[in-house]
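> This structure is in structure tokens; I'll ask about it shortly.
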Amino acid sequence: MVKHLSSGMYFMQGSEALAEAAIVAGCRFFAGYPITPASEIAEHLAKRLPQVDGIMIQMEDEIASMASLIGASWAGAKVMTATSGPGFSLMQENIGYAFMTETPCVIVDVQRAGPSTGQATKCGQGDVMQARWGTHGDYAAIVVSPNSVQEMFDLTLHAFNLAEKYRTPVIVLADEVVAHMREQMFVPSLEKRKIVDRKKPKPGSESFFGGEEVPSMPSVGEGYNVTVTGSTHNEFGIRFTANPEVHRSLVTRLVKKVRNNAELLMDFEAFNVNDCEVGFVSFGCTSRAVYEAVEMAIDKGIKAGFIRLKTVWPFPERIVQAMTQKAKAIIVPEMNLGQVFFEVQRVVNGAADVIPVNKIGGGEMLTPEELFSEVERGVEKQ
Amino acid sequence: MNEAFSRKNYLRDIPFPFCAGCGGTIVANCFLKAVHELGHQDLQNFVFCSGIGCSSWIPSPHFKADSLHTTHGRSIPVATGVKLMRPDLRVVVFGGDGDIVGIGLSHLVHAARRNLDITVIMVNNMIYGMTGGQVAATTPLKAKTTTTPYGGFERPLDAARLAVSAGACYAARWTTAHVNQLKEAMKKALITKGFGFVEVVSQCPTAYGRRVGFKNAGEMLLWLKKQSVTIEEAERLTEEELEEKIVVGEFVAKTSPTLTEMIRAVLKEARD
């Protein structure tokens, strides 16, 4: 019986790599509903989870899938679901519940072209803002964005660790291209994989929703009589539907536990940031064309650089600001009509030209040539 | 030997927030008596899931137990996650008619179909009470509510029979005017191996009763009793005669392989 992947090189599909990472991270409950282009994750886990004594259940819809994750997480399991735009929309209310109740869980959004049904089989990157602001009210989201099969593995493992460490939902913002592509992937040895588990309460403890930045989390059936509620609650989980202070202190702490750790959470790949005339800020599958466009530019003697977001949220502000020390133009290519662009514009605050390059429809990707011509245009302006 | 019933074993010292005359506390009382009579001295083996609405506040936070007070209508799928990971715990869902057969209807059907081994107690007050008295899927035809000021134009849903046809192993309906029968039905639902469903038709004097002509909760309870006919009696009545009636009794009591049994068998097969 294969338990989880042993160390070594593999040739895998992105969805499979993500699913295997979940097993390595300790995920033992997956619930989902069929949707293109995310179904491969559920299919792979339907086969694999029972082999490691885990449960995969296909629920009646995405609302129920997300709800069952919450129940399973409070029953002590590490949990995950995977979906795409329409399903991600349906999950939002319960994702908000998971934020409010500090329920660790991993939600994978394999982006496709939206809005609505859009082009179900075609790649898109239009859920960047939804991943950050999809549910109502004040909260702070942690969103990671893989750009390769390797990262489908690495960042999913990381997402579970962050979910457990900070007791919060973590979103893996993948896309159709990275989920469906096949490439080589290296799995590190068991000793080199860091696995984080949620902090368990000390016997007799009663405060599971406050008192510290990330409170300890009991499971049901452990004798703690834990009261979990999506209504505003005090540190003991007791509902306060009108008290202004209880609400302020709870929601402020929930936001701060991400904001206060933003520097730790921000993760990116950077090249030539401090010495580029023209720089890129990109994420997901689009960033793969950026690598090549930057190489083309350097071959032509243009000083080009890039920042590739591995965490989209919290947004890595300082490194983007650092790029403006020299770069006069920052190009933001996305398979949407402008989302990360506005964030870059906010952070750059006039210190450089921010140039959006957008392409939507048919899953057509931005090509290295298209991006290179933007670099040339950026240089001409200077 | 069963010790004498003491509310302190089951309830936190937090008063119920219900309006005067609400049926919610009758349901809580019957449930805790049922639990006690089944020999549970406390609620340590139980996990309660509820959604949004007045009756979702019966367990949360009042029961001295683990409880998840979830989003509107989603208590059953949350309970599904709990039960699948902790099949050793007794999982009980409390919810209103809005939660269970309004916004969350499909989850009731699918949990019964899967034969998920949990107990669902649906407090049917025939109205959206917490939000001020809007028409529900269970409101009697022609009733005046805040969103049907000229009288309703939709027929109400028969939740207990729906649970039966979806595959529930136990389904019963009683009213808050039948406390003994209700308590016994809750006991049976709790010991049922498989999906158990108890519908309690209850009074909401504040958001429903006063708008349809009842002076107080007592009048409503008498009405609930008067309108109730047993399943056997109902068989002899015409559809027209049944229109205003509440059919009470046990609709099904059977056993069949449960979801947790089926899923554990699959796990065993996958491992071997």
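If you're wondering about the labels, chains in the structure tokens are A, B, ... by order shown, residues count from 1 in each chain, ligands from 1 in order shown.
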Just the residues within 8 Å of range 173-185 of chain B, please, counting only C-alpha atoms, with nothing from its chain fewer than 2 positions along; format it as a list of chain:residue names.
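My list of contacting residues is B:Gly23, B:Ile26, B:Val27, B:Cys30, B:Phe31, B:Lys33, B:Ala34, B:Ala160, B:Ala171, B:Lys187, B:Lys188, B:Ala189, B:Val198, B:Glu199, B:Val200, B:Val201, B:Ser202, B:Gln203, B:Leu221, B:Leu222, B:Leu224, B:Lys225, B:Val247, B:Val248, B:Gly249, B:Glu250, B:Phe251.
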> Using only C-alpha atoms, which chain A residues lie at most 10 Å away from chain B, written as a ChimeraX atom specification?
/A:1-3,28-31,47-57,59-61,63-77,79,93-94,96-98,101,219-231,237-239
> Using DSSP secondary structure from the backbone, list all strand (DSSP E) positions within range 23-58 of chain B, as a PyMOL selection string.
chain B and resi 46-50
> Just want the 8 Å neighbourhood of Ile35 in chain A, counted on only C-alpha atoms, with same-chain residues fewer than 4 positions away dropped. Output as a VMD selection string.
chain A and resid 39 83 to 84 87
> What are the closest atom pairs, with distances in Å to one decimal, for all residues of range 319-376 of chain A lying within 12 Å of range 293-307 of chain A? Consider only C-alpha atoms, order rows by chain and residue number, and present the result as a Markdown table.

```
| residue | atom | partner | partner_atom | distance |
| --- | --- | --- | --- | --- |
| A:Ile319 | CA | A:Ile307 | CA | 7.8 |
| A:Val320 | CA | A:Ile307 | CA | 7.4 |
| A:Gln321 | CA | A:Ile307 | CA | 10.9 |
| A:Ala322 | CA | A:Ile307 | CA | 10.5 |
| A:Met323 | CA | A:Gly305 | CA | 8.6 |
| A:Thr324 | CA | A:Gly305 | CA | 11.3 |
| A:Lys326 | CA | A:Lys303 | CA | 10.1 |
| A:Ala327 | CA | A:Ala304 | CA | 8.6 |
| A:Lys328 | CA | A:Ala304 | CA | 11.0 |
| A:Ala329 | CA | A:Ala304 | CA | 10.1 |
| A:Ile330 | CA | A:Phe306 | CA | 8.9 |
| A:Ile331 | CA | A:Phe306 | CA | 9.1 |
| A:Val332 | CA | A:Phe306 | CA | 9.9 |
| A:Pro333 | CA | A:Phe306 | CA | 11.3 |
| A:Val344 | CA | A:Ile307 | CA | 11.2 |
| A:Leu366 | CA | A:Ala293 | CA | 10.4 |
| A:Thr367 | CA | A:Ala293 | CA | 8.3 |
| A:Pro368 | CA | A:Ala293 | CA | 4.6 |
| A:Glu369 | CA | A:Ala293 | CA | 6.6 |
| A:Glu370 | CA | A:Ala293 | CA | 8.2 |
| A:Leu371 | CA | A:Ala293 | CA | 5.9 |
| A:Phe372 | CA | A:Ala293 | CA | 4.9 |
| A:Ser373 | CA | A:Ala293 | CA | 8.7 |
| A:Glu374 | CA | A:Ala293 | CA | 9.4 |
| A:Val375 | CA | A:Ala297 | CA | 7.3 |
| A:Glu376 | CA | A:Ala297 | CA | 8.0 |
```
> With N, CA and C atoms retained, could you export that selection as a PDB file, in the first residue's frame?

```pdb
ATOM      1  N   ILE A 319       8.352  44.815  -1.620  1.00  0.00           N
ATOM      2  CA  ILE A 319       9.201  44.426  -2.757  1.00  0.00           C
ATOM      3  C   ILE A 319       8.734  45.150  -4.029  1.00  0.00           C
ATOM      4  N   VAL A 320       7.426  45.360  -4.142  1.00  0.00           N
ATOM      5  CA  VAL A 320       6.917  46.079  -5.321  1.00  0.00           C
ATOM      6  C   VAL A 320       7.374  47.540  -5.260  1.00  0.00           C
ATOM      7  N   GLN A 321       7.347  48.103  -4.061  1.00  0.00           N
ATOM      8  CA  GLN A 321       7.845  49.478  -3.906  1.00  0.00           C
ATOM      9  C   GLN A 321       9.337  49.549  -4.237  1.00  0.00           C
ATOM     10  N   ALA A 322      10.077  48.516  -3.826  1.00  0.00           N
ATOM     11  CA  ALA A 322      11.528  48.503  -4.066  1.00  0.00           C
ATOM     12  C   ALA A 322      11.831  48.548  -5.561  1.00  0.00           C
ATOM     13  N   MET A 323      10.954  47.946  -6.344  1.00  0.00           N
ATOM     14  CA  MET A 323      11.168  47.914  -7.793  1.00  0.00           C
ATOM     15  C   MET A 323      11.171  49.323  -8.394  1.00  0.00           C
ATOM     16  N   THR A 324      10.453  50.241  -7.773  1.00  0.00           N
ATOM     17  CA  THR A 324      10.348  51.592  -8.339  1.00  0.00           C
ATOM     18  C   THR A 324      11.602  52.432  -8.103  1.00  0.00           C
ATOM     19  N   LYS A 326      14.390  52.008  -9.367  1.00  0.00           N
ATOM     20  CA  LYS A 326      15.023  52.236 -10.660  1.00  0.00           C
ATOM     21  C   LYS A 326      14.013  52.151 -11.820  1.00  0.00           C
ATOM     22  N   ALA A 327      13.132  51.182 -11.736  1.00  0.00           N
ATOM     23  CA  ALA A 327      12.213  50.948 -12.862  1.00  0.00           C
ATOM     24  C   ALA A 327      11.250  52.114 -13.029  1.00  0.00           C
ATOM     25  N   LYS A 328      11.096  52.512 -14.278  1.00  0.00           N
ATOM     26  CA  LYS A 328      10.150  53.585 -14.556  1.00  0.00           C
ATOM     27  C   LYS A 328       8.821  53.023 -15.055  1.00  0.00           C
ATOM     28  N   ALA A 329       8.879  51.744 -15.437  1.00  0.00           N
ATOM     29  CA  ALA A 329       7.641  51.112 -15.894  1.00  0.00           C
ATOM     30  C   ALA A 329       7.504  49.736 -15.245  1.00  0.00           C
ATOM     31  N   ILE A 330       6.312  49.461 -14.719  1.00  0.00           N
ATOM     32  CA  ILE A 330       6.030  48.138 -14.155  1.00  0.00           C
ATOM     33  C   ILE A 330       4.848  47.558 -14.928  1.00  0.00           C
ATOM     34  N   ILE A 331       5.106  46.415 -15.530  1.00  0.00           N
ATOM     35  CA  ILE A 331       4.086  45.776 -16.362  1.00  0.00           C
ATOM     36  C   ILE A 331       3.368  44.713 -15.531  1.00  0.00           C
ATOM     37  N   VAL A 332       2.033  44.744 -15.585  1.00  0.00           N
ATOM     38  CA  VAL A 332       1.252  43.764 -14.819  1.00  0.00           C
ATOM     39  C   VAL A 332       0.388  42.955 -15.787  1.00  0.00           C
ATOM     40  N   PRO A 333       0.889  41.800 -16.215  1.00  0.00           N
ATOM     41  CA  PRO A 333       0.112  40.968 -17.129  1.00  0.00           C
ATOM     42  C   PRO A 333      -0.816  40.030 -16.354  1.00  0.00           C
ATOM     43  N   VAL A 344      -1.060  46.988  -7.582  1.00  0.00           N
ATOM     44  CA  VAL A 344       0.286  47.491  -7.868  1.00  0.00           C
ATOM     45  C   VAL A 344       0.248  49.018  -7.970  1.00  0.00           C
ATOM     46  N   LEU A 366      -1.136  35.005 -22.470  1.00  0.00           N
ATOM     47  CA  LEU A 366      -0.251  36.073 -22.931  1.00  0.00           C
ATOM     48  C   LEU A 366       1.061  35.405 -23.341  1.00  0.00           C
ATOM     49  N   THR A 367       1.576  35.767 -24.508  1.00  0.00           N
ATOM     50  CA  THR A 367       2.796  35.109 -24.989  1.00  0.00           C
ATOM     51  C   THR A 367       4.027  35.913 -24.574  1.00  0.00           C
ATOM     52  N   PRO A 368       5.190  35.249 -24.527  1.00  0.00           N
ATOM     53  CA  PRO A 368       6.430  35.976 -24.217  1.00  0.00           C
ATOM     54  C   PRO A 368       6.659  37.118 -25.201  1.00  0.00           C
ATOM     55  N   GLU A 369       6.311  36.896 -26.479  1.00  0.00           N
ATOM     56  CA  GLU A 369       6.513  37.939 -27.497  1.00  0.00           C
ATOM     57  C   GLU A 369       5.657  39.167 -27.194  1.00  0.00           C
ATOM     58  N   GLU A 370       4.404  38.920 -26.843  1.00  0.00           N
ATOM     59  CA  GLU A 370       3.522  40.048 -26.497  1.00  0.00           C
ATOM     60  C   GLU A 370       4.074  40.825 -25.308  1.00  0.00           C
ATOM     61  N   LEU A 371       4.560  40.082 -24.327  1.00  0.00           N
ATOM     62  CA  LEU A 371       5.075  40.749 -23.128  1.00  0.00           C
ATOM     63  C   LEU A 371       6.378  41.480 -23.436  1.00  0.00           C
ATOM     64  N   PHE A 372       7.195  40.873 -24.301  1.00  0.00           N
ATOM     65  CA  PHE A 372       8.457  41.529 -24.664  1.00  0.00           C
ATOM     66  C   PHE A 372       8.194  42.852 -25.384  1.00  0.00           C
ATOM     67  N   SER A 373       7.195  42.857 -26.262  1.00  0.00           N
ATOM     68  CA  SER A 373       6.907  44.115 -26.969  1.00  0.00           C
ATOM     69  C   SER A 373       6.437  45.189 -25.983  1.00  0.00           C
ATOM     70  N   GLU A 374       5.798  44.785 -24.896  1.00  0.00           N
ATOM     71  CA  GLU A 374       5.426  45.757 -23.854  1.00  0.00           C
ATOM     72  C   GLU A 374       6.678  46.314 -23.168  1.00  0.00           C
ATOM     73  N   VAL A 375       7.685  45.436 -23.008  1.00  0.00           N
ATOM     74  CA  VAL A 375       8.951  45.884 -22.411  1.00  0.00           C
ATOM     75  C   VAL A 375       9.573  46.953 -23.309  1.00  0.00           C
ATOM     76  N   GLU A 376       9.610  46.677 -24.601  1.00  0.00           N
ATOM     77  CA  GLU A 376      10.203  47.648 -25.538  1.00  0.00           C
ATOM     78  C   GLU A 376       9.471  48.977 -25.491  1.00  0.00           C
TER      79      GLU A 376
END
```
> Go through A:Gly284, A:Gly350, A:Gly361, A:Gly338 one by one, measure the shortest atom-to-atom distance of each to Pro146 in chain A using only C-alpha atoms, and give the residue with the smallest value.
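Looking at the shortest contact to Pro146 in chain A, the residue is A:Gly284.
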> May I ask for the distance between CA of Thr260 in chain B and CA of His44 in chain A, given in Å to one decimal place?
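So the two atoms, CA of Thr260 in chain B and CA of His44 in chain A, lie 21.4 Å apart.
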> What does the structure give for the distance between CA of Ser56 in chain B and CA of Ser207 in chain A, in Å to one decimal?
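Pair CA of Ser56 in chain B / CA of Ser207 in chain A returns 22.6 Å.
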> Would you list the contacts of range 205-211 of chain B as a list in words, taking every protein, DNA or RNA residue within 10 Å and counting only C-alpha atoms, but skipping same-chain residues closer than 6 positions in sequence?
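Using only C-alpha atoms, the neighbours found are Cys19, Ala20, Gly21, Cys22, Gly23, Asn125, Met126, Ile127, Tyr128, Gly129, Met130, Thr131, Gly132, Gly133, Gln134, Val135, Thr139, Ala143, Lys144, Thr145, Thr146, Pro149, Ala217, Gly218, Glu219, Met220 and Leu221 of chain B.
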> Excluding Glu3 in chain B and any residue of its chain fewer than 4 positions from it, enumerate the residues within 10 Å of it, using only C-alpha atoms, and give them as a ChimeraX atom specification.
/B:36-37,39-41
> Residues of range 73-221 of chain B in helix (DSSP H, G or I) according to DSSP, as a ChimeraX atom specification?
/B:75-85,97-103,105-114,159-166,179-191,209-211,217-221
> Which one is closest to Pro140 in chain B: B:Asp158, B:Asp13, B:Glu244, B:Glu261? Count only C-alpha atoms.
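Smallest separation from Pro140 in chain B among the options: B:Glu244.
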> Rank nothing, just name the residue among A:Met365, A:Ala140, A:Val312, A:Ala42 nearest to Ala289 in chain A, using only C-alpha atoms.
A:Met365
